[in-house]
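The file start-v1.cif comes next; it holds mmCIF, C-alpha atoms.
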data_run
loop_
_atom_site.group_PDB
_atom_site.id
_atom_site.type_symbol
_atom_site.label_atom_id
_atom_site.label_comp_id
_atom_site.auth_asym_id
_atom_site.auth_seq_id
_atom_site.Cartn_x
_atom_site.Cartn_y
_atom_site.Cartn_z
ATOM 1 C CA MET B 1 -66.533 -18.954 37.300
ATOM 2 C CA LYS B 2 -70.307 -18.681 36.935
ATOM 3 C CA LEU B 3 -72.309 -20.824 34.540
ATOM 4 C CA GLU B 4 -73.588 -17.697 32.792
ATOM 5 C CA ASP B 5 -69.983 -16.775 31.934
ATOM 6 C CA VAL B 6 -69.730 -19.848 29.721
ATOM 7 C CA LEU B 7 -73.394 -20.453 28.823
ATOM 8 C CA LYS B 8 -75.277 -17.213 28.342
ATOM 9 C CA PRO B 9 -78.988 -17.425 27.440
ATOM 10 C CA GLN B 10 -79.694 -15.967 24.006
ATOM 11 C CA PHE B 11 -82.835 -13.863 23.771
ATOM 12 C CA VAL B 12 -82.185 -11.673 20.735
ATOM 13 C CA SER B 13 -81.965 -13.014 17.201
ATOM 14 C CA GLY B 14 -80.523 -9.848 15.674
ATOM 15 C CA GLU B 15 -83.065 -10.188 12.897
ATOM 16 C CA LYS B 16 -85.564 -7.439 12.221
ATOM 17 C CA ASN B 17 -89.161 -8.305 13.033
ATOM 18 C CA GLU B 18 -91.049 -7.183 9.995
ATOM 19 C CA VAL B 19 -94.768 -6.439 9.928
ATOM 20 C CA LYS B 20 -96.509 -9.479 8.472
ATOM 21 C CA GLU B 21 -98.197 -9.190 5.107
ATOM 22 C CA SER B 22 -101.886 -10.010 4.755
ATOM 23 C CA PHE B 23 -103.607 -12.443 2.416
ATOM 24 C CA SER B 24 -104.745 -10.930 -0.848
ATOM 25 C CA ALA B 25 -108.460 -11.065 -1.659
ATOM 26 C CA GLY B 26 -109.666 -14.647 -1.932
ATOM 27 C CA GLU B 27 -106.139 -16.017 -1.399
ATOM 28 C CA LYS B 28 -106.773 -17.536 2.017
ATOM 29 C CA GLU B 29 -110.039 -19.181 0.932
ATOM 30 C CA LYS B 30 -108.247 -20.752 -2.054
ATOM 31 C CA ILE B 31 -105.365 -22.080 0.075
ATOM 32 C CA VAL B 32 -107.695 -23.422 2.781
ATOM 33 C CA SER B 33 -109.899 -25.135 0.188
ATOM 34 C CA GLU B 34 -106.856 -26.811 -1.422
ATOM 35 C CA MET B 35 -105.562 -27.919 1.957
ATOM 36 C CA VAL B 36 -108.920 -29.330 3.024
ATOM 37 C CA SER B 37 -108.944 -31.443 -0.183
ATOM 38 C CA ILE B 38 -105.464 -32.751 0.626
ATOM 39 C CA ILE B 39 -106.468 -33.549 4.216
ATOM 40 C CA GLN B 40 -109.621 -35.369 3.051
ATOM 41 C CA GLU B 41 -107.524 -37.424 0.639
ATOM 42 C CA ASN B 42 -105.124 -38.216 3.464
ATOM 43 C CA MET B 43 -108.000 -39.231 5.774
ATOM 44 C CA LYS B 44 -109.315 -41.577 3.092
ATOM 45 C CA LEU B 45 -105.863 -43.036 2.553
ATOM 46 C CA GLU B 46 -105.329 -43.530 6.286
ATOM 47 C CA GLU B 47 -108.612 -45.430 6.483
ATOM 48 C CA GLU B 48 -107.614 -47.649 3.535
ATOM 49 C CA LEU B 49 -104.207 -48.305 5.072
ATOM 50 C CA SER B 50 -105.690 -49.182 8.459
ATOM 51 C CA GLN B 51 -108.151 -51.605 6.793
ATOM 52 C CA GLU B 52 -105.266 -53.222 4.902
ATOM 53 C CA ASN B 53 -103.451 -53.673 8.203
ATOM 54 C CA VAL B 54 -106.517 -55.334 9.739
ATOM 55 C CA LEU B 55 -106.772 -57.709 6.766
ATOM 56 C CA ASN B 56 -103.049 -58.514 6.978
ATOM 57 C CA CYS B 57 -103.429 -59.460 10.626
ATOM 58 C CA MET Y 1 -117.597 -29.502 15.389
ATOM 59 C CA SER Y 2 -114.022 -30.598 15.735
ATOM 60 C CA LEU Y 3 -112.586 -27.644 17.582
ATOM 61 C CA ILE Y 4 -114.517 -27.130 20.804
ATOM 62 C CA ALA Y 5 -114.632 -24.901 23.901
ATOM 63 C CA ASN Y 6 -112.516 -22.371 22.128
ATOM 64 C CA TYR Y 7 -111.680 -18.684 22.300
ATOM 65 C CA ASN Y 8 -111.256 -16.235 19.492
ATOM 66 C CA LEU Y 9 -107.555 -16.746 18.901
ATOM 67 C CA THR Y 10 -107.240 -14.263 16.040
ATOM 68 C CA LYS Y 11 -106.054 -11.451 18.312
ATOM 69 C CA SER Y 12 -103.555 -13.696 20.118
ATOM 70 C CA PHE Y 13 -102.111 -14.938 16.829
ATOM 71 C CA GLN Y 14 -101.787 -11.557 15.105
ATOM 72 C CA GLN Y 15 -98.190 -10.508 14.391
ATOM 73 C CA LYS Y 16 -96.864 -13.558 16.263
ATOM 74 C CA ASP Y 17 -94.703 -16.350 14.947
ATOM 75 C CA ILE Y 18 -96.740 -19.454 15.713
ATOM 76 C CA TYR Y 19 -94.727 -22.670 15.945
ATOM 77 C CA LEU Y 20 -96.418 -26.032 15.585
ATOM 78 C CA ASP Y 21 -95.224 -29.102 17.427
ATOM 79 C CA ASN Y 22 -95.408 -32.372 15.515
ATOM 80 C CA ASP Y 23 -98.466 -33.700 17.378
ATOM 81 C CA PHE Y 24 -100.630 -30.713 16.435
ATOM 82 C CA LEU Y 25 -99.360 -30.719 12.853
ATOM 83 C CA CYS Y 26 -100.302 -34.416 12.589
ATOM 84 C CA ARG Y 27 -103.817 -33.736 13.899
ATOM 85 C CA LEU Y 28 -104.312 -30.921 11.383
ATOM 86 C CA PHE Y 29 -103.273 -33.321 8.622
ATOM 87 C CA LYS Y 30 -105.792 -35.927 9.807
ATOM 88 C CA ASP Y 31 -108.872 -33.809 10.530
ATOM 89 C CA ASP Y 32 -110.353 -31.562 7.834
ATOM 90 C CA GLN Y 33 -112.910 -30.022 10.207
ATOM 91 C CA LEU Y 34 -110.230 -29.130 12.765
ATOM 92 C CA PHE Y 35 -108.157 -27.527 10.021
ATOM 93 C CA LEU Y 36 -111.170 -25.534 8.778
ATOM 94 C CA ASP Y 37 -112.005 -24.334 12.293
ATOM 95 C CA PHE Y 38 -108.385 -23.517 13.104
ATOM 96 C CA SER Y 39 -107.773 -21.688 9.805
ATOM 97 C CA LYS Y 40 -110.370 -19.077 10.816
ATOM 98 C CA PHE Y 41 -107.853 -17.683 13.306
ATOM 99 C CA ILE Y 42 -105.075 -17.278 10.759
ATOM 100 C CA THR Y 43 -104.896 -13.872 9.135
ATOM 101 C CA ASN Y 44 -101.394 -13.782 7.675
ATOM 102 C CA PRO Y 45 -99.658 -15.973 5.095
ATOM 103 C CA ASN Y 46 -96.703 -18.029 6.302
ATOM 104 C CA SER Y 47 -97.733 -17.560 9.933
ATOM 105 C CA LEU Y 48 -97.578 -21.239 10.949
ATOM 106 C CA ASN Y 49 -93.909 -21.983 11.493
ATOM 107 C CA ILE Y 50 -92.400 -25.428 11.286
ATOM 108 C CA ASP Y 51 -88.967 -25.986 12.742
ATOM 109 C CA LEU Y 52 -86.553 -28.121 10.698
ATOM 110 C CA LEU Y 53 -86.565 -30.871 13.351
ATOM 111 C CA THR Y 54 -90.372 -30.837 13.604
ATOM 112 C CA GLU Y 55 -90.552 -31.251 9.828
ATOM 113 C CA PHE Y 56 -88.220 -34.231 10.167
ATOM 114 C CA GLU Y 57 -90.455 -35.792 12.866
ATOM 115 C CA PHE Y 58 -93.555 -35.210 10.738
ATOM 116 C CA LYS Y 59 -92.091 -36.862 7.643
ATOM 117 C CA ARG Y 60 -90.037 -39.691 9.106
ATOM 118 C CA ASP Y 61 -92.809 -42.221 9.812
ATOM 119 C CA ILE Y 62 -94.583 -41.973 6.462
ATOM 120 C CA ALA Y 63 -93.647 -44.864 4.195
ATOM 121 C CA ASN Y 64 -96.556 -44.933 1.730
ATOM 122 C CA THR Y 65 -95.550 -43.093 -1.475
ATOM 123 C CA LYS Y 66 -99.003 -41.591 -2.025
ATOM 124 C CA GLN Y 67 -99.000 -40.238 1.510
ATOM 125 C CA ILE Y 68 -95.475 -38.840 1.090
ATOM 126 C CA LYS Y 69 -96.759 -36.877 -1.916
ATOM 127 C CA LEU Y 70 -99.788 -35.657 0.065
ATOM 128 C CA THR Y 71 -97.486 -34.564 2.897
ATOM 129 C CA GLN Y 72 -95.342 -32.587 0.458
ATOM 130 C CA ASP Y 73 -98.408 -30.917 -1.087
ATOM 131 C CA PHE Y 74 -99.795 -30.094 2.353
ATOM 132 C CA LEU Y 75 -96.559 -28.499 3.578
ATOM 133 C CA SER Y 76 -96.021 -26.549 0.346
ATOM 134 C CA LYS Y 77 -99.000 -24.260 0.999
ATOM 135 C CA LYS Y 78 -98.426 -20.605 1.769
ATOM 136 C CA ILE Y 79 -99.903 -20.938 5.236
ATOM 137 C CA PHE Y 80 -96.666 -22.548 6.491
ATOM 138 C CA ASN Y 81 -93.217 -21.092 6.957
ATOM 139 C CA PHE Y 82 -89.936 -22.947 7.382
ATOM 140 C CA PRO Y 83 -87.462 -20.645 9.160
ATOM 141 C CA LYS Y 84 -84.079 -20.612 7.497
ATOM 142 C CA ASP Y 85 -81.540 -19.981 10.210
ATOM 143 C CA ASN Y 86 -78.054 -18.635 9.713
ATOM 144 C CA LEU Y 87 -75.237 -20.246 11.713
ATOM 145 C CA GLU Y 88 -75.306 -17.497 14.317
ATOM 146 C CA ASN Y 89 -78.988 -18.087 15.043
ATOM 147 C CA LEU Y 90 -78.546 -21.860 15.167
ATOM 148 C CA GLU Y 91 -75.744 -21.417 17.693
ATOM 149 C CA LYS Y 92 -78.033 -19.278 19.869
ATOM 150 C CA ILE Y 93 -80.778 -21.912 19.737
ATOM 151 C CA LYS Y 94 -78.261 -24.626 20.614
ATOM 152 C CA ILE Y 95 -76.947 -22.706 23.647
ATOM 153 C CA ASN Y 96 -80.524 -22.154 24.875
ATOM 154 C CA ALA Y 97 -81.327 -25.847 24.342
ATOM 155 C CA ILE Y 98 -78.304 -26.856 26.446
ATOM 156 C CA ILE Y 99 -79.333 -24.492 29.258
ATOM 157 C CA LEU Y 100 -82.929 -25.791 29.177
ATOM 158 C CA SER Y 101 -81.683 -29.375 29.343
ATOM 159 C CA LYS Y 102 -79.692 -28.549 32.503
ATOM 160 C CA ILE Y 103 -82.670 -26.851 34.150
ATOM 161 C CA TYR Y 104 -85.001 -29.754 33.206
ATOM 162 C CA LYS Y 105 -82.481 -32.284 34.502
ATOM 163 C CA ILE Y 106 -82.379 -30.694 37.928
ATOM 164 C CA GLN Y 107 -86.152 -30.229 38.144
ATOM 165 C CA ASN Y 108 -86.758 -33.825 37.039
ATOM 166 C CA ASN Y 109 -84.213 -35.132 39.552
ATOM 167 C CA GLN Y 110 -86.081 -33.224 42.210
ATOM 168 C CA LYS Y 111 -89.410 -34.761 41.186
ATOM 169 C CA THR Y 112 -87.854 -38.217 40.962
ATOM 170 C CA GLN Y 113 -86.559 -37.929 44.516
ATOM 171 C CA THR Y 114 -89.915 -36.682 45.757
ATOM 172 C CA ASN Y 115 -92.069 -39.233 43.916
ATOM 173 C CA ASN Y 116 -89.477 -41.996 43.736
ATOM 174 C CA LYS Y 117 -90.561 -42.420 40.116
ATOM 175 C CA LYS Y 118 -88.314 -42.256 37.068
ATOM 176 C CA GLN Y 119 -89.465 -39.540 34.645
ATOM 177 C CA LYS Y 120 -88.892 -39.669 30.911
ATOM 178 C CA GLY Y 121 -87.392 -36.386 29.728
ATOM 179 C CA PRO Y 122 -88.189 -34.389 26.603
ATOM 180 C CA SER Y 123 -86.563 -35.262 23.283
ATOM 181 C CA ILE Y 124 -83.741 -33.305 21.634
ATOM 182 C CA VAL Y 125 -86.352 -31.895 19.234
ATOM 183 C CA ASP Y 126 -88.268 -30.418 22.191
ATOM 184 C CA PHE Y 127 -85.129 -28.872 23.711
ATOM 185 C CA PHE Y 128 -84.286 -27.197 20.403
ATOM 186 C CA LEU Y 129 -87.874 -26.026 19.959
ATOM 187 C CA GLY Y 130 -87.780 -24.604 23.502
ATOM 188 C CA GLY Y 131 -84.418 -22.968 22.718
ATOM 189 C CA ARG Y 132 -85.940 -21.407 19.611
ATOM 190 C CA LEU Y 133 -88.909 -20.036 21.597
ATOM 191 C CA MET Y 134 -86.450 -18.217 23.886
ATOM 192 C CA VAL Y 135 -84.962 -16.189 21.019
ATOM 193 C CA ASP Y 136 -87.272 -13.184 20.417
ATOM 194 C CA TYR Y 137 -89.648 -14.791 22.916
ATOM 195 C CA GLU Y 138 -92.068 -11.864 22.916
ATOM 196 C CA ASN Y 139 -93.037 -12.663 19.325
ATOM 197 C CA LYS Y 140 -93.382 -16.427 19.568
ATOM 198 C CA LEU Y 141 -96.050 -18.956 20.484
ATOM 199 C CA LEU Y 142 -95.985 -22.749 20.405
ATOM 200 C CA ILE Y 143 -98.913 -25.135 19.930
ATOM 201 C CA THR Y 144 -98.232 -28.553 21.432
ATOM 202 C CA GLY Y 145 -100.072 -31.441 23.049
ATOM 203 C CA ASN Y 146 -97.041 -32.405 25.119
ATOM 204 C CA LYS Y 147 -97.277 -29.900 27.931
ATOM 205 C CA LYS Y 148 -94.840 -31.858 30.099
ATOM 206 C CA ASP Y 149 -92.077 -31.211 27.544
ATOM 207 C CA PHE Y 150 -92.547 -27.461 28.044
ATOM 208 C CA PRO Y 151 -92.906 -27.242 31.824
ATOM 209 C CA HIS Y 152 -94.756 -24.649 33.887
ATOM 210 C CA TYR Y 153 -91.605 -23.399 35.603
ATOM 211 C CA ILE Y 154 -90.477 -21.850 32.287
ATOM 212 C CA PHE Y 155 -93.494 -21.698 29.959
ATOM 213 C CA ASP Y 156 -96.967 -20.141 30.345
ATOM 214 C CA ILE Y 157 -100.202 -21.552 28.977
ATOM 215 C CA ASN Y 158 -101.932 -18.768 27.028
ATOM 216 C CA HIS Y 159 -104.867 -20.856 25.732
ATOM 217 C CA ILE Y 160 -106.029 -24.446 25.467
ATOM 218 C CA ILE Y 161 -107.502 -25.888 22.271
ATOM 219 C CA ASN Y 162 -109.795 -28.884 22.666
ATOM 220 C CA THR Y 163 -110.566 -31.037 19.661
ATOM 221 C CA GLU Y 164 -112.686 -34.094 19.134
ATOM 222 C CA ASP Y 165 -111.452 -36.871 16.853
ATOM 223 C CA PRO Y 166 -114.238 -37.344 14.275
ATOM 224 C CA LEU Y 167 -113.445 -41.065 13.962
ATOM 225 C CA ASN Y 168 -113.660 -42.169 17.577
ATOM 226 C CA GLY Y 169 -114.847 -39.159 19.601
ATOM 227 C CA LYS Y 170 -111.584 -39.007 21.527
ATOM 228 C CA ILE Y 171 -110.810 -35.565 22.940
ATOM 229 C CA TYR Y 172 -107.357 -34.076 22.430
ATOM 230 C CA HIS Y 173 -105.996 -31.083 24.308
ATOM 231 C CA PHE Y 174 -103.448 -28.759 22.736
ATOM 232 C CA PHE Y 175 -101.745 -25.928 24.574
ATOM 233 C CA ILE Y 176 -100.752 -22.532 23.202
ATOM 234 C CA LEU Y 177 -97.593 -21.706 25.115
ATOM 235 C CA SER Y 178 -95.190 -18.817 25.456
ATOM 236 C CA PHE Y 179 -91.769 -18.512 27.074
ATOM 237 C CA ASN Y 180 -91.796 -16.662 30.402
ATOM 238 C CA ARG Y 181 -88.555 -14.720 30.923
ATOM 239 C CA GLU Y 182 -89.154 -14.095 34.634
ATOM 240 C CA LYS Y 183 -89.703 -17.769 35.394
ATOM 241 C CA PHE Y 184 -86.648 -18.688 33.332
ATOM 242 C CA ASP Y 185 -84.464 -16.147 35.163
ATOM 243 C CA ILE Y 186 -85.419 -17.695 38.510
ATOM 244 C CA CYS Y 187 -84.477 -21.189 37.265
ATOM 245 C CA PHE Y 188 -81.278 -19.940 35.638
ATOM 246 C CA ASN Y 189 -80.184 -18.023 38.749
ATOM 247 C CA ARG Y 190 -80.636 -21.177 40.805
ATOM 248 C CA LEU Y 191 -78.626 -23.125 38.264
ATOM 249 C CA ASN Y 192 -75.895 -20.490 38.553
ATOM 250 C CA GLN Y 193 -76.048 -20.682 42.322
ATOM 251 C CA ILE Y 194 -75.468 -24.425 42.279
ATOM 252 C CA ASN Y 195 -72.698 -24.072 39.736
ATOM 253 C CA GLY Y 196 -71.070 -21.286 41.783
ATOM 254 C CA GLU Y 197 -70.917 -23.615 44.735
ATOM 255 C CA GLU Y 198 -68.964 -26.016 42.524
ATOM 256 C CA ILE Y 199 -71.607 -28.663 42.712
ATOM 257 C CA ASN Y 200 -72.291 -30.634 39.580
ATOM 258 C CA PRO Y 201 -75.997 -29.991 38.899
ATOM 259 C CA LEU Y 202 -76.271 -33.346 37.172
ATOM 260 C CA LYS Y 203 -75.313 -35.152 40.389
ATOM 261 C CA THR Y 204 -77.372 -33.222 42.888
ATOM 262 C CA ASN Y 205 -78.275 -34.663 46.236
ATOM 263 C CA ARG Y 206 -81.351 -33.868 48.297
ATOM 264 C CA SER Y 207 -79.848 -30.997 50.297
ATOM 265 C CA ASN Y 208 -78.692 -29.254 47.130
ATOM 266 C CA LEU Y 209 -82.024 -29.802 45.439
ATOM 267 C CA GLU Y 210 -83.807 -28.081 48.298
ATOM 268 C CA LYS Y 211 -82.072 -24.890 47.233
ATOM 269 C CA ILE Y 212 -83.704 -25.058 43.821
#
Spit out the file's structure as structure tokens when you get a sec.
Amino acid sequence: MKLEDVLKPQFVSGEKNEVKESFSAGEKEKIVSEMVSIIQENMKLEEELSQENVLNC
Amino acid sequence: MSLIANYNLTKSFQQKDIYLDNDFLCRLFKDDQLFLDFSKFITNPNSLNIDLLTEFEFKRDIANTKQIKLTQDFLSKKIFNFPKDNLENLEKIKINAIILSKIYKIQNNQKTQTNNKKQKGPSIVDFFLGGRLMVDYENKLLITGNKKDFPHYIFDINHIINTEDPLNGKIYHFFILSFNREKFDICFNRLNQINGEEINPLKTNRSNLEKI
């Protein structure tokens, strides 16, 4: 018995590939701006946390 | 400039399902300039896909409550998509992951015998991500920094993204990969060959490895 008889590679999902929708006017800019704010807050937090770690050492 | 020596990726990304590995997702979350530069190439909502196991990896090491909230806010944006698989699809991904693990095992054994050096294999998350890339492979791309987990004998490098860490100037390389069916078929046929000869591929010796 061949391996492929018991383990057959699966290449087709059976799901329909739909054409992707586009961003509405100004939608992408709004999302990106919100995400940049979140990332900047995270960067600040990471810096604070790393300084706390240094102090704890 | 955070994202450097780059191409215009817009065309490559259009109508593709782009999957992010955890390392690239983490860098996006830690570098506002990289995110801004990278977002220029994204034209469709929900086009950055995050696998369930990648999401787990991304969230598991964050203990600070404020950062957990930031992570949730970040992932909730309409730029990301979290594929919801039915059982049939999950089974397909699992079968592919098992096959990939067998191919990797043999190739790594071969390298180990050549270099006499033990090689650390990819994680389960990487096998499942690789298995997912195989299903509808023509429509999928992966962005990862761990090229060795998606080896050249199965995956192609379409582009390389270079980024500079704004804090320390360190350069990171991320690879945009796609599954190559022809390369996979060669590896899988060899695996079949070994199996047909009733040799356990997990216990290969040098003469058997030479056939691979």
Identify, on the basis of all atoms listed in the file, every residue whose closest approach to Y:Ser101 does not exceed 9 Å; exclude the query and any residue fewer than 4 positions from it along the same chain; express the result as a short mmCIF file (atom, residue, chain, number, x, y, z; two decimals) with C-alpha atoms, in the frame of the given file.
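As written to disk, result35.cif reads:
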data_model
loop_
_atom_site.label_atom_id
_atom_site.label_comp_id
_atom_site.auth_asym_id
_atom_site.auth_seq_id
_atom_site.Cartn_x
_atom_site.Cartn_y
_atom_site.Cartn_z
CA ASN Y 96 -80.52 -22.15 24.88
CA ALA Y 97 -81.33 -25.85 24.34
CA LYS Y 105 -82.48 -32.28 34.50
CA ILE Y 106 -82.38 -30.69 37.93
CA PRO Y 122 -88.19 -34.39 26.60
CA ILE Y 124 -83.74 -33.30 21.63
CA PHE Y 127 -85.13 -28.87 23.71
#
*asked:* Using Å and a single decimal, report how far atom CA of Y:Ile95 sits from atom CA of B:Leu7.
replied: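 That distance, rounded to one decimal, is 6.7 Å.
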*atom CA of Y:Gly130 and atom CA of Y:Leu100, how far apart in Å?*
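Atom CA of Y:Leu100 sits 7.6 Å away from atom CA of Y:Gly130.
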*asked:* Please determine, counting all atoms listed in the file, which residue among Y:Arg181, Y:Lys66, Y:His152, Y:Lys78 has the shortest atom-to-atom distance to Y:Asp136.
replied: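 When distances to Y:Asp136 are compared using all atoms listed in the file, the smallest one comes from Y:Arg181.
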*What is the atom CA of Y:His159-atom CA of Y:Phe29 distance in Å, reported with one decimal?*
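Atom CA of Y:Phe29 lies 21.2 Å from atom CA of Y:His159.
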*Got a sec to resolve the PyMOL selection byres ((chain B) within 7 of (chain Y)) on this structure and send the residues as a list in words?*
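Selected by the PyMOL selection byres ((chain B) within 7 of (chain Y)) in this file: Met1, Lys2, Leu3, Glu4, Leu7, Pro9, Gln10, Phe11, Val12, Ser13, Val19, Lys20, Glu21, Ser22, Phe23, Ile31, Met35, Val36, Ile38, Ile39, Gln40, Asn42 and Met43 of chain B.
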